[in-house]
file upload.txt (compact mmCIF, C-alpha atoms)
# COMPACT_ATOMS: atom_id res chain seq x y z
CA MET A 1260 4.16 22.86 -32.82
CA LYS A 1261 0.73 24.50 -32.41
CA ASN A 1262 0.97 27.37 -29.93
CA SER A 1263 3.33 25.51 -27.59
CA GLU A 1264 0.93 22.70 -26.69
CA GLY A 1265 -2.02 24.95 -25.95
CA LEU A 1266 -0.25 27.23 -23.49
CA TYR A 1267 -0.69 30.34 -25.61
CA LEU A 1268 -3.29 32.09 -27.73
CA SER A 1269 -2.80 34.62 -30.51
CA ALA A 1270 -4.27 38.12 -30.06
CA ARG A 1271 -7.18 37.19 -32.32
CA GLU A 1272 -7.85 33.95 -30.41
CA ALA A 1273 -7.61 35.64 -27.00
CA ALA A 1274 -9.94 38.48 -28.01
CA ALA A 1275 -12.44 35.99 -29.47
CA GLU A 1276 -12.34 33.86 -26.31
CA LEU A 1277 -13.22 36.90 -24.19
CA ALA A 1278 -15.58 38.42 -26.80
CA ILE A 1279 -13.71 41.74 -26.64
CA SER A 1280 -11.84 44.01 -29.02
CA PRO A 1281 -8.05 43.82 -29.39
CA ALA A 1282 -7.83 47.24 -27.69
CA THR A 1283 -9.57 45.86 -24.60
CA LEU A 1284 -7.25 42.86 -24.62
CA TYR A 1285 -4.24 45.18 -24.59
CA ALA A 1286 -5.81 47.06 -21.66
CA TYR A 1287 -6.10 43.79 -19.73
CA VAL A 1288 -2.42 43.12 -20.46
CA SER A 1289 -1.40 46.56 -19.22
CA ARG A 1290 -3.31 45.92 -15.97
CA GLY A 1291 -1.49 42.62 -15.45
CA LEU A 1292 -4.60 40.48 -15.90
CA VAL A 1293 -3.25 38.63 -18.94
CA ARG A 1294 0.41 37.81 -19.48
CA SER A 1295 1.90 38.29 -22.94
CA GLU A 1296 5.28 37.67 -24.47
CA PRO A 1297 6.88 37.88 -27.92
CA THR A 1298 6.36 34.95 -30.29
CA PRO A 1299 9.78 33.33 -30.92
CA ASP A 1300 9.47 33.34 -34.70
CA SER A 1301 7.69 36.66 -35.35
CA ARG A 1302 7.15 40.20 -34.05
CA LYS A 1303 3.67 39.40 -32.76
CA ASN A 1304 2.86 38.74 -29.12
CA ARG A 1305 1.20 35.64 -27.73
CA TYR A 1306 -1.01 35.46 -24.64
CA ARG A 1307 -1.21 32.94 -21.81
CA ALA A 1308 -4.30 30.79 -22.38
CA GLU A 1309 -4.78 30.08 -18.66
CA ASP A 1310 -4.92 33.84 -17.91
CA VAL A 1311 -7.47 34.42 -20.66
CA ARG A 1312 -9.71 31.58 -19.45
CA ALA A 1313 -9.40 32.59 -15.81
CA LEU A 1314 -10.43 36.13 -16.73
CA LYS A 1315 -13.33 34.79 -18.79
CA GLU A 1316 -14.50 32.73 -15.81
CA ARG A 1317 -14.43 35.77 -13.52
CA ARG A 1318 -16.56 37.74 -15.97
CA VAL A 1319 -19.31 35.08 -16.16
CA PRO A 1320 -21.96 35.38 -13.39
CA SER A 1321 -22.55 32.22 -11.37
CA PRO A 1322 -25.87 31.26 -9.76
CA GLU A 1323 -24.16 29.61 -6.79
CA PRO A 1324 -21.79 30.98 -4.12
CA ARG A 1325 -18.26 31.30 -5.45
CA GLY A 1326 -16.76 29.31 -2.61
CA LEU A 1327 -18.75 26.25 -3.67
CA ARG A 1328 -17.58 26.13 -7.27
CA SER A 1329 -14.80 23.81 -8.38
CA PHE A 1330 -11.81 25.37 -10.13
CA ASP A 1331 -13.03 28.86 -9.19
CA ALA A 1332 -10.90 31.60 -10.71
CA ASP A 1333 -11.30 33.62 -7.50
CA LEU A 1334 -9.87 30.91 -5.24
CA PRO A 1335 -6.26 31.30 -4.00
CA VAL A 1336 -3.79 31.32 -6.87
CA MET A 1337 -0.02 31.49 -6.60
CA ASP A 1338 2.90 31.69 -8.99
CA THR A 1339 4.83 28.49 -9.64
CA GLU A 1340 7.53 27.37 -12.04
CA ILE A 1341 6.71 23.69 -11.58
CA SER A 1342 3.72 22.88 -13.78
CA THR A 1343 0.53 24.00 -15.44
CA ILE A 1344 -2.48 22.25 -16.96
CA THR A 1345 -3.51 22.48 -20.61
CA GLU A 1346 -6.00 20.59 -22.76
CA GLU A 1347 -2.99 18.72 -24.18
CA GLY A 1348 -2.01 17.46 -20.72
CA ALA A 1349 -0.07 18.64 -17.71
CA ILE A 1350 3.15 20.52 -18.50
CA TYR A 1351 6.13 19.72 -16.24
CA ARG A 1352 8.52 22.71 -16.42
CA GLY A 1353 7.75 23.14 -20.11
CA VAL A 1354 7.57 19.41 -20.97
CA ASN A 1355 4.25 17.69 -21.69
CA CYS A 1356 3.79 14.80 -19.25
CA VAL A 1357 2.26 12.61 -21.96
CA ASP A 1358 5.40 12.95 -24.08
CA LEU A 1359 7.58 12.42 -21.03
CA ALA A 1360 5.77 9.19 -20.14
CA GLU A 1361 6.74 7.54 -23.41
CA ASN A 1362 10.25 6.71 -22.19
CA ASP A 1363 11.05 8.48 -18.94
CA THR A 1364 11.10 7.23 -15.34
CA LEU A 1365 9.69 8.68 -12.15
CA GLU A 1366 13.24 9.36 -10.96
CA HIS A 1367 14.08 11.45 -14.03
CA THR A 1368 10.71 13.17 -13.80
CA ALA A 1369 11.54 14.07 -10.20
CA THR A 1370 14.83 15.72 -11.16
CA LEU A 1371 12.93 17.75 -13.78
CA LEU A 1372 10.19 18.85 -11.37
CA TRP A 1373 12.70 19.54 -8.59
CA ASP A 1374 14.90 21.48 -11.06
CA VAL A 1375 18.17 19.83 -10.09
CA SER A 1376 21.19 19.20 -12.29
CA GLY A 1377 24.20 19.56 -10.00
CA VAL A 1378 23.48 16.44 -7.95
CA ASP A 1379 21.91 13.01 -8.49
CA PRO A 1380 19.15 12.68 -5.87
CA PHE A 1381 18.66 9.01 -6.75
CA ALA A 1382 22.34 8.06 -6.51
CA PRO A 1383 22.80 4.49 -5.25
CA ASP A 1384 24.14 5.68 -1.89
CA ASN A 1385 21.34 8.18 -1.07
CA PHE A 1386 19.29 5.90 1.14
CA PRO A 1387 16.75 6.86 3.81
CA ALA A 1388 17.73 6.30 7.43
CA VAL A 1389 15.43 3.72 9.02
CA SER A 1390 15.37 3.74 12.82
CA ASP A 1391 14.39 0.84 15.06
CA GLU A 1392 11.16 2.67 15.90
CA MET A 1393 10.33 3.03 12.21
CA ARG A 1394 10.88 -0.69 11.68
CA LEU A 1395 8.62 -1.52 14.62
CA ILE A 1396 5.85 0.71 13.29
CA ALA A 1397 6.18 -0.70 9.78
CA GLN A 1398 5.99 -4.26 11.10
CA ALA A 1399 3.01 -3.51 13.34
CA ALA A 1400 1.19 -1.87 10.42
CA ARG A 1401 2.17 -4.57 7.92
CA ARG A 1402 -1.47 -5.47 7.23
CA ALA A 1403 -2.73 -1.88 7.21
CA ALA A 1404 -3.54 0.00 4.01
CA PRO A 1405 -0.27 1.08 2.31
CA ILE A 1406 -1.06 4.79 2.61
CA ASP A 1407 -1.83 4.51 6.35
CA ARG A 1408 1.37 2.55 6.93
CA ALA A 1409 3.35 5.17 5.04
CA ILE A 1410 1.89 8.02 7.11
CA ALA A 1411 2.81 6.22 10.33
CA VAL A 1412 6.40 5.53 9.27
CA LEU A 1413 7.02 8.98 7.76
CA ALA A 1414 5.86 10.57 11.02
CA LEU A 1415 9.10 9.27 12.61
CA ALA A 1416 11.37 9.61 9.58
CA SER A 1417 12.39 13.25 9.92
CA SER A 1418 13.83 12.54 13.38
CA ALA A 1419 15.99 9.79 11.86
CA ASP A 1420 17.28 12.03 9.06
CA PRO A 1421 19.83 14.56 10.37
CA ARG A 1422 19.51 16.61 7.15
CA ALA A 1423 15.72 16.76 7.10
CA PHE A 1424 15.65 20.53 7.63
CA THR A 1425 18.31 21.50 5.10
CA ARG A 1426 17.72 24.86 3.38
CA ALA A 1427 19.99 24.15 0.39
CA HIS A 1428 18.20 23.58 -2.92
CA ASP A 1429 20.25 20.50 -3.83
CA GLY A 1430 20.03 19.28 -0.26
CA ARG A 1431 16.24 19.35 -0.39
CA ALA A 1432 16.34 17.31 -3.59
CA MET A 1433 18.47 14.71 -1.82
CA VAL A 1434 15.97 14.61 1.05
CA GLY A 1435 13.16 14.31 -1.48
CA ALA A 1436 14.69 11.22 -3.06
CA ARG A 1437 15.11 9.60 0.36
CA ILE A 1438 11.45 10.29 1.10
CA VAL A 1439 10.28 8.76 -2.19
CA ARG A 1440 12.43 5.66 -1.70
CA LEU A 1441 11.17 5.27 1.86
CA LEU A 1442 7.56 5.81 0.82
CA VAL A 1443 7.69 3.20 -1.95
CA ALA A 1444 9.46 0.61 0.22
CA THR A 1445 7.02 1.15 3.11
CA MET A 1446 3.99 0.78 0.85
CA LEU A 1447 5.45 -2.40 -0.67
CA ASN A 1448 6.48 -3.85 2.72
CA THR A 1449 10.07 -4.12 1.45
CA GLU A 1450 13.44 -2.57 2.27
CA PRO A 1451 14.50 0.70 0.56
CA SER A 1452 16.31 -0.05 -2.70
CA ALA A 1453 18.28 1.76 -5.40
CA GLU A 1454 16.50 -0.31 -8.08
CA PRO A 1455 14.28 1.79 -10.39
CA LEU A 1456 11.02 2.51 -8.61
CA HIS A 1457 8.75 1.05 -11.27
CA GLN A 1458 10.74 -2.17 -11.24
CA GLN A 1459 10.48 -2.41 -7.45
CA ILE A 1460 6.70 -2.09 -7.69
CA ALA A 1461 6.42 -4.61 -10.53
CA SER A 1462 8.64 -7.13 -8.72
CA ALA A 1463 6.54 -6.87 -5.55
CA TRP A 1464 3.06 -6.78 -7.06
CA ALA A 1465 3.21 -8.30 -10.56
CA PRO A 1466 6.38 -10.40 -10.83
CA ASP A 1467 5.06 -12.68 -13.58
CA ASN A 1468 3.78 -10.03 -15.99
CA LYS A 1469 6.36 -9.01 -18.58
CA HIS A 1470 4.54 -5.74 -19.33
CA ALA A 1471 4.05 -4.67 -15.72
CA ALA A 1472 7.23 -2.66 -15.19
CA ASP A 1473 6.80 -0.48 -18.28
CA LEU A 1474 3.08 0.10 -17.71
CA ILE A 1475 3.71 1.08 -14.10
CA ARG A 1476 6.55 3.36 -15.20
CA ARG A 1477 4.21 5.17 -17.59
CA ALA A 1478 1.48 5.54 -14.95
CA LEU A 1479 3.92 6.95 -12.38
CA VAL A 1480 5.18 9.65 -14.76
CA LEU A 1481 1.65 10.63 -15.81
CA LEU A 1482 0.55 10.95 -12.17
CA ALA A 1483 3.64 12.67 -10.78
CA GLU A 1484 2.29 16.22 -10.81
CA HIS A 1485 -0.94 18.10 -11.56
CA GLU A 1486 -0.56 21.71 -10.41
CA LEU A 1487 -2.52 22.89 -7.33
CA ASN A 1488 -4.87 19.97 -6.76
CA ALA A 1489 -6.23 19.42 -3.25
CA SER A 1490 -3.38 17.28 -1.92
CA THR A 1491 -0.67 19.47 -3.46
CA PHE A 1492 -2.22 22.63 -2.05
CA THR A 1493 -2.43 20.90 1.35
CA ALA A 1494 1.23 19.88 1.18
CA ARG A 1495 2.16 23.40 0.13
CA CYS A 1496 0.19 24.99 2.98
CA ALA A 1497 1.92 22.65 5.43
CA ALA A 1498 5.35 23.59 4.06
CA SER A 1499 4.49 27.29 4.34
CA THR A 1500 4.34 26.91 8.14
CA GLY A 1501 8.00 25.84 8.13
CA LEU A 1502 7.52 22.07 8.25
CA ASN A 1503 10.13 19.83 6.65
CA LEU A 1504 9.53 17.81 3.50
CA TYR A 1505 8.66 14.60 5.39
CA ASP A 1506 5.79 16.30 7.22
CA SER A 1507 4.64 18.07 4.06
CA VAL A 1508 4.35 14.72 2.29
CA ILE A 1509 2.31 13.37 5.23
CA ALA A 1510 -0.11 16.27 4.74
CA GLY A 1511 -0.39 15.42 1.05
CA LEU A 1512 -1.00 11.73 1.82
CA ALA A 1513 -3.84 12.55 4.20
CA ALA A 1514 -5.56 14.80 1.65
CA LEU A 1515 -5.09 12.28 -1.15
CA LYS A 1516 -7.15 9.64 0.65
CA GLY A 1517 -10.44 11.45 0.01
CA PRO A 1518 -12.93 9.81 -2.39
CA LYS A 1519 -13.08 13.02 -4.45
CA HIS A 1520 -9.32 12.92 -5.02
CA GLY A 1521 -7.02 9.88 -4.94
CA GLY A 1522 -9.81 7.66 -3.68
CA ALA A 1523 -11.58 8.09 -7.02
CA GLY A 1524 -9.32 5.38 -8.45
CA VAL A 1525 -10.67 2.89 -5.91
CA LEU A 1526 -14.24 3.80 -6.92
CA ALA A 1527 -13.30 3.38 -10.59
CA SER A 1528 -11.95 -0.08 -9.77
CA GLN A 1529 -15.35 -1.01 -8.35
CA LEU A 1530 -16.86 -0.05 -11.70
CA VAL A 1531 -14.34 -2.24 -13.55
CA LYS A 1532 -15.05 -5.18 -11.24
CA ALA A 1533 -18.78 -4.77 -11.71
CA LEU A 1534 -18.33 -4.99 -15.49
CA VAL A 1535 -16.08 -8.05 -15.56
CA ASP A 1536 -18.97 -10.52 -15.95
CA ARG A 1537 -21.56 -8.19 -17.47
CA ASP A 1538 -22.21 -6.74 -20.88
CA VAL A 1539 -21.25 -3.08 -21.04
CA GLU A 1540 -24.20 -1.51 -22.83
CA PRO A 1541 -27.04 -2.82 -20.60
CA MET A 1542 -25.21 -1.90 -17.41
CA VAL A 1543 -24.36 1.59 -18.63
CA ARG A 1544 -27.98 2.11 -19.72
CA GLU A 1545 -29.23 0.89 -16.33
CA ARG A 1546 -26.95 3.22 -14.37
CA VAL A 1547 -27.75 6.21 -16.55
CA ALA A 1548 -31.48 5.55 -16.07
CA LEU A 1549 -30.95 5.54 -12.29
CA GLY A 1550 -29.02 8.82 -12.45
CA GLU A 1551 -25.78 7.27 -11.20
CA ARG A 1552 -22.38 8.77 -11.97
CA PHE A 1553 -19.43 6.79 -13.33
CA ALA A 1554 -16.24 7.05 -11.30
CA GLY A 1555 -13.28 7.73 -13.56
CA PHE A 1556 -15.24 9.78 -16.10
CA GLY A 1557 -15.50 13.53 -16.50
CA HIS A 1558 -12.97 16.08 -15.29
CA GLY A 1559 -13.18 19.64 -14.04
CA VAL A 1560 -10.24 20.74 -16.18
CA TYR A 1561 -10.10 18.45 -19.23
CA LYS A 1562 -13.31 19.24 -21.08
CA ARG A 1563 -12.12 17.51 -24.27
CA GLY A 1564 -10.67 14.44 -22.59
CA ASP A 1565 -7.76 13.55 -20.32
CA ARG A 1566 -4.77 12.77 -22.53
CA ARG A 1567 -3.05 11.08 -19.59
CA ALA A 1568 -5.83 8.50 -19.51
CA GLN A 1569 -5.69 7.88 -23.23
CA SER A 1570 -1.91 7.43 -23.09
CA LEU A 1571 -2.20 4.77 -20.39
CA LEU A 1572 -5.18 3.00 -22.00
CA ASN A 1573 -3.40 2.87 -25.36
CA ALA A 1574 -0.34 1.32 -23.71
CA LEU A 1575 -2.56 -1.19 -21.91
CA SER A 1576 -4.22 -2.09 -25.19
CA ARG A 1577 -0.84 -2.71 -26.85
CA ALA A 1578 0.11 -4.92 -23.90
CA GLY A 1579 -2.96 -7.10 -24.40
CA ALA A 1580 -5.43 -5.70 -21.88
CA PRO A 1581 -9.06 -6.54 -22.72
CA ARG A 1582 -10.54 -4.27 -25.39
CA LYS A 1583 -13.71 -4.25 -23.34
CA PHE A 1584 -12.02 -2.00 -20.77
CA THR A 1585 -9.58 -0.05 -22.93
CA LYS A 1586 -12.06 0.87 -25.70
CA GLU A 1587 -15.64 -0.31 -25.24
CA VAL A 1588 -16.38 0.97 -21.73
CA PRO A 1589 -14.98 4.50 -22.39
CA GLU A 1590 -16.87 4.71 -25.69
CA ARG A 1591 -20.22 3.50 -24.29
CA ILE A 1592 -20.07 5.77 -21.23
CA ALA A 1593 -19.08 8.78 -23.35
CA GLU A 1594 -22.00 8.11 -25.70
CA ALA A 1595 -24.45 7.78 -22.80
CA THR A 1596 -23.27 10.65 -20.59
CA GLY A 1597 -21.02 12.93 -22.63
CA GLU A 1598 -18.30 12.43 -20.00
CA LEU A 1599 -14.88 11.35 -21.21
CA VAL A 1600 -12.51 8.96 -19.50
CA ASN A 1601 -9.98 10.31 -16.98
CA ILE A 1602 -6.80 9.00 -15.38
CA ASP A 1603 -8.65 7.42 -12.43
CA TYR A 1604 -10.41 4.95 -14.73
CA ALA A 1605 -7.20 4.22 -16.65
CA LEU A 1606 -5.44 3.51 -13.35
CA ALA A 1607 -8.26 1.14 -12.37
CA VAL A 1608 -7.86 -0.74 -15.66
CA LEU A 1609 -4.10 -0.98 -15.04
CA VAL A 1610 -4.73 -2.51 -11.61
CA HIS A 1611 -7.24 -4.98 -13.07
CA ALA A 1612 -5.08 -5.96 -16.06
CA LEU A 1613 -1.97 -6.56 -13.94
CA ARG A 1614 -3.96 -8.14 -11.09
CA LEU A 1615 -2.40 -5.80 -8.56
CA PRO A 1616 -3.44 -5.98 -4.88
CA GLY A 1617 -6.67 -4.31 -3.81
CA GLY A 1618 -6.17 -0.66 -2.95
CA SER A 1619 -3.03 -0.35 -5.07
CA GLU A 1620 -4.74 2.38 -7.15
CA LEU A 1621 -4.36 4.79 -4.26
CA ALA A 1622 -0.88 3.53 -3.39
CA LEU A 1623 0.40 4.04 -6.96
CA PHE A 1624 -1.15 7.50 -7.03
CA ALA A 1625 0.57 8.40 -3.75
CA MET A 1626 3.97 7.04 -4.84
CA ALA A 1627 3.85 9.11 -8.02
CA ARG A 1628 2.33 12.29 -6.62
CA SER A 1629 4.84 12.43 -3.74
CA VAL A 1630 7.29 13.76 -6.34
CA GLY A 1631 4.97 16.69 -7.11
CA TRP A 1632 4.33 17.39 -3.42
CA ILE A 1633 8.06 17.58 -2.78
CA ALA A 1634 8.50 19.97 -5.72
CA HIS A 1635 5.79 22.30 -4.42
CA ALA A 1636 6.85 22.07 -0.78
CA SER A 1637 10.44 22.89 -1.76
CA GLU A 1638 9.31 25.86 -3.82
CA GLN A 1639 7.15 27.10 -0.94
CA LEU A 1640 10.02 26.75 1.54
CA GLN A 1641 12.14 28.78 -0.85
CA PHE A 1642 9.47 31.51 -0.93
CA GLY A 1643 9.42 31.55 2.87
CA LYS A 1644 5.89 32.94 3.14
CA LEU A 1645 2.92 31.61 5.07
CA ILE A 1646 -0.10 30.72 2.94
CA ARG A 1647 -3.03 32.40 4.66
CA PRO A 1648 -6.03 32.88 2.33
CA ARG A 1649 -9.03 34.87 3.54
CA ALA A 1650 -12.58 33.54 3.81
CA ARG A 1651 -15.60 35.25 2.26
CA TYR A 1652 -18.04 35.73 5.15
CA VAL A 1653 -21.67 34.93 4.24
CA GLY A 1654 -23.12 34.64 7.78
CA PRO A 1655 -25.40 36.97 9.76
CA ALA A 1656 -24.68 40.71 9.63
CA PRO A 1657 -22.36 42.06 12.35
CA GLY A 1658 -24.12 43.31 15.50
CA ARG A 1659 -26.28 40.28 16.12
CA ARG A 1660 -26.52 39.38 19.81
CA GLY A 1661 -25.88 35.89 21.12
CA GLY A 1662 -28.12 33.92 23.51
CA ALA A 1663 -31.39 32.12 23.14
CA ALA A 1664 -34.00 33.48 20.79
CA SER A 1665 -36.89 35.29 22.51
call {"tool": "encode", "arguments": {"input": "upload.txt", "output": "structure tokens"}}
result
Amino acid sequence: MKNSEGLYLSAREAAAELAISPATLYAYVSRGLVRSEPTPDSRKNRYRAEDVRALKERRVPSPEPRGLRSFDADLPVMDTEISTITEEGAIYRGVNCVDLAENDTLEHTATLLWDVSGVDPFAPDNFPAVSDEMRLIAQAARRAAPIDRAIAVLALASSADPRAFTRAHDGRAMVGARIVRLLVATMLNTEPSAEPLHQQIASAWAPDNKHAADLIRRALVLLAEHELNASTFTARCAASTGLNLYDSVIAGLAALKGPKHGGAGVLASQLVKALVDRDVEPMVRERVALGERFAGFGHGVYKRGDRRAQSLLNALSRAGAPRKFTKEVPERIAEATGELVNIDYALAVLVHALRLPGGSELALFAMARSVGWIAHASEQLQFGKLIRPRARYVGPAPGRRGGAAS
């Protein structure tokens, strides 16, 4: 295996990345700026690639204010045992999500991310409590967007769960499974079930497609976690105030709705729909000439392509999805813009190929990512500290007087 899926660099690679001498690299290690550890099969050390690249980013001057840059190395960073991001894909507690998605389920992925082995959070008898008020809200919001309905129902769910505020590690995992089951059922307008989550979704939204359950399973695992993205950081901040897991998931759901985050899948679906009855090359050329961006292409982290997207598109291709969307569109857009396909576009193609309901891109994303939010919220509750980053003030100098200008 090459350097543990891109997590590590050799001393020579790390020094070359930073354009420094090995002696300077060792100085950075001694100051705690780069983590190192022994290589399992030799006496040499290896160095964390994310530390090296974060340090490289800090050393490169930027023409714009730091607070406006995406993935800024100076933005709040915290330790976590849950996941990290590499060019080979997201790593879930040491396991590459792309490899995991080949055969695993969202339930098993949850137990990995939640780090539980002593209990079975998704045991058949671990069902969410559903109060009369929750049923009334769910019925009243039956025609609302799935994510809005879920927020409304979850707002009452912690009061119905007598163990919502448990501090035990295994207890939180049990609460987490009840939340996920409730979330999926609410979004599907069904009753909570012990049936595998991907099968519940396929039965409700694509009952006649023999490939639907497995494709949805794969998508859920690939989307389950992605380090400190906007919604996960929001959920984690909420948990740091002492909120329970239900309320932390609500915070994550609200942040996910934004068009620059989970809503990007909906925008990518609009692109897919626009291409259904049109030739790819002329439309791509037209949009490029107008300076328009393509939703579902390009990524702030994956400069060489999002392996999650390729995994899902390959599976869709094997299941008979149109080559136009699994191959031609990504190739033509990459040629014209240099931007490679990401998971938002692959999710849009999944929705189109399975003929899922409108807006299900965001719902699927939320169902999957709730597992990651619960993992991070649980870890934050275990830390017991309030997340309170500082702002970099760039306003007028102190001493300015208020009032109208003379």
call {"tool": "closest_residue", "arguments": {"input": "upload.txt", "among": "A:Ala1627, A:Ala1282, A:Leu1415, A:Ala1578", "to": "His1457 in chain A", "atoms": "only C-alpha atoms"}}
result
A:Ala1627
call {"tool": "residues_around", "arguments": {"input": "upload.txt", "residues": "Ala1270 in chain A", "least_positions_apart": "3", "cutoff": "9 Å", "atoms": "all atoms listed in the file", "output": "list in words"}}
result
Ala1273, Ala1274, Ala1275, Pro1281, Leu1284, Tyr1285, Lys1303, Asn1304, Arg1305 and Tyr1306 of chain A
call {"tool": "write_last_selection", "arguments": {"input": "upload.txt", "atoms": "C-alpha atoms", "output": "compact mmCIF listing (two decimals), keeping the file's coordinate frame"}}
result
# COMPACT_ATOMS: atom_id res chain seq x y z
CA ALA A 1273 -7.61 35.64 -27.00
CA ALA A 1274 -9.94 38.48 -28.01
CA ALA A 1275 -12.44 35.99 -29.47
CA PRO A 1281 -8.05 43.82 -29.39
CA LEU A 1284 -7.25 42.86 -24.62
CA TYR A 1285 -4.24 45.18 -24.59
CA LYS A 1303 3.67 39.40 -32.76
CA ASN A 1304 2.86 38.74 -29.12
CA ARG A 1305 1.20 35.64 -27.73
CA TYR A 1306 -1.01 35.46 -24.64
call {"tool": "closest_residue", "arguments": {"input": "upload.txt", "among": "A:Val1653, A:Glu1392, A:Ala1461, A:Val1378", "to": "Val1434 in chain A", "atoms": "all atoms listed in the file"}}
result
A:Val1378
call {"tool": "residues_near_point", "arguments": {"input": "upload.txt", "point": "(15.3, 6.6, 0.6)", "cutoff": "6 Å", "atoms": "all atoms listed in the file", "output": "list in words"}}
result
Phe1386, Pro1387, Ala1436, Arg1437, Ile1438, Arg1440, Leu1441 and Pro1451 of chain A
call {"tool": "closest_residue", "arguments": {"input": "upload.txt", "among": "A:Thr1364, A:Ser1418, A:Thr1585, A:Ser1570", "to": "Ala1607 in chain A", "atoms": "all atoms listed in the file"}}
result
A:Thr1585
call {"tool": "residues_around", "arguments": {"input": "upload.txt", "residues": "Ala1574 in chain A", "least_positions_apart": "5", "cutoff": "10 Å", "atoms": "all atoms listed in the file", "output": "PyMOL selection string"}}
result
chain A and resi 1361+1470+1473-1474+1477-1478+1568-1569+1579-1580+1585+1609
call {"tool": "closest_atom_pairs", "arguments": {"input": "upload.txt", "of": "range 1614-1661 of chain A", "to": "range 1499-1510 of chain A", "cutoff": "12 Å", "atoms": "all atoms listed in the file", "output": "tab-separated table"}}
result
residue	atom	partner	partner_atom	distance
A:Ala1625	CA	A:Val1508	CA	9.5
A:Met1626	CA	A:Val1508	CA	10.5
A:Ala1627	CA	A:Val1508	CA	11.7
A:Arg1628	CA	A:Val1508	CA	9.5
A:Ser1629	CA	A:Val1508	CA	6.5
A:Val1630	CA	A:Val1508	CA	9.2
A:Gly1631	CA	A:Val1508	CA	9.6
A:Trp1632	CA	A:Val1508	CA	6.3
A:Ile1633	CA	A:Leu1504	CA	6.5
A:Ala1634	CA	A:Leu1504	CA	9.5
A:His1635	CA	A:Ser1507	CA	9.5
A:Ala1636	CA	A:Leu1504	CA	6.6
A:Ser1637	CA	A:Leu1504	CA	7.4
A:Glu1638	CA	A:Ser1499	CA	9.6
A:Gln1639	CA	A:Ser1499	CA	5.9
A:Leu1640	CA	A:Ser1499	CA	6.2
A:Gln1641	CA	A:Ser1499	CA	9.4
A:Phe1642	CA	A:Ser1499	CA	8.4
A:Gly1643	CA	A:Ser1499	CA	6.7
A:Lys1644	CA	A:Ser1499	CA	5.9
A:Leu1645	CA	A:Ser1499	CA	4.7
A:Ile1646	CA	A:Ser1499	CA	5.9
A:Arg1647	CA	A:Ser1499	CA	9.1
call {"tool": "atom_distance", "arguments": {"input": "upload.txt", "atom1": "CA of Leu1365 in chain A", "atom2": "CA of Met1433 in chain A"}}
result
14.8 Å
call {"tool": "atom_distance", "arguments": {"input": "upload.txt", "atom1": "CA of Asn1573 in chain A", "atom2": "CA of Asn1468 in chain A"}}
result
17.5 Å
call {"tool": "residues_around", "arguments": {"input": "upload.txt", "residues": "Glu1551 in chain A", "least_positions_apart": "6", "cutoff": "12 Å", "atoms": "all atoms listed in the file", "output": "list in words"}}
result
Leu1530, Met1542, Val1543, Arg1544, Glu1545, Ile1592, Ala1595 and Thr1596 of chain A
call {"tool": "closest_residue", "arguments": {"input": "upload.txt", "among": "A:Met1337, A:His1367, A:Val1480, A:Ser1289", "to": "Pro1648 in chain A", "atoms": "only C-alpha atoms"}}
result
A:Met1337
call {"tool": "build_atoms", "arguments": {"input": "upload.txt", "residues": "range 1580-1590 of chain A", "atoms": "N, CA and C atoms", "output": "compact mmCIF listing (two decimals), in the coordinates of the input"}}
result
# COMPACT_ATOMS: atom_id res chain seq x y z
N ALA A 1580 -4.30 -5.86 -22.79
CA ALA A 1580 -5.43 -5.70 -21.88
C ALA A 1580 -6.73 -5.83 -22.66
N PRO A 1581 -7.79 -6.31 -22.01
CA PRO A 1581 -9.06 -6.54 -22.72
C PRO A 1581 -9.59 -5.27 -23.39
N ARG A 1582 -9.98 -5.39 -24.66
CA ARG A 1582 -10.54 -4.27 -25.39
C ARG A 1582 -11.81 -3.75 -24.73
N LYS A 1583 -12.50 -4.63 -24.04
CA LYS A 1583 -13.71 -4.25 -23.34
C LYS A 1583 -13.47 -3.05 -22.43
N PHE A 1584 -12.31 -3.06 -21.74
CA PHE A 1584 -12.02 -2.00 -20.77
C PHE A 1584 -11.22 -0.84 -21.36
N THR A 1585 -10.39 -1.13 -22.36
CA THR A 1585 -9.58 -0.05 -22.93
C THR A 1585 -10.33 0.77 -23.98
N LYS A 1586 -11.33 0.18 -24.62
CA LYS A 1586 -12.06 0.87 -25.70
C LYS A 1586 -13.56 0.93 -25.46
N GLU A 1587 -14.18 -0.25 -25.24
CA GLU A 1587 -15.64 -0.31 -25.24
C GLU A 1587 -16.26 0.47 -24.09
N VAL A 1588 -15.79 0.27 -22.88
CA VAL A 1588 -16.38 0.97 -21.73
C VAL A 1588 -16.26 2.49 -21.89
N PRO A 1589 -15.06 3.04 -22.19
CA PRO A 1589 -14.98 4.50 -22.39
C PRO A 1589 -15.91 5.01 -23.49
N GLU A 1590 -16.02 4.26 -24.59
CA GLU A 1590 -16.87 4.71 -25.69
C GLU A 1590 -18.34 4.69 -25.30
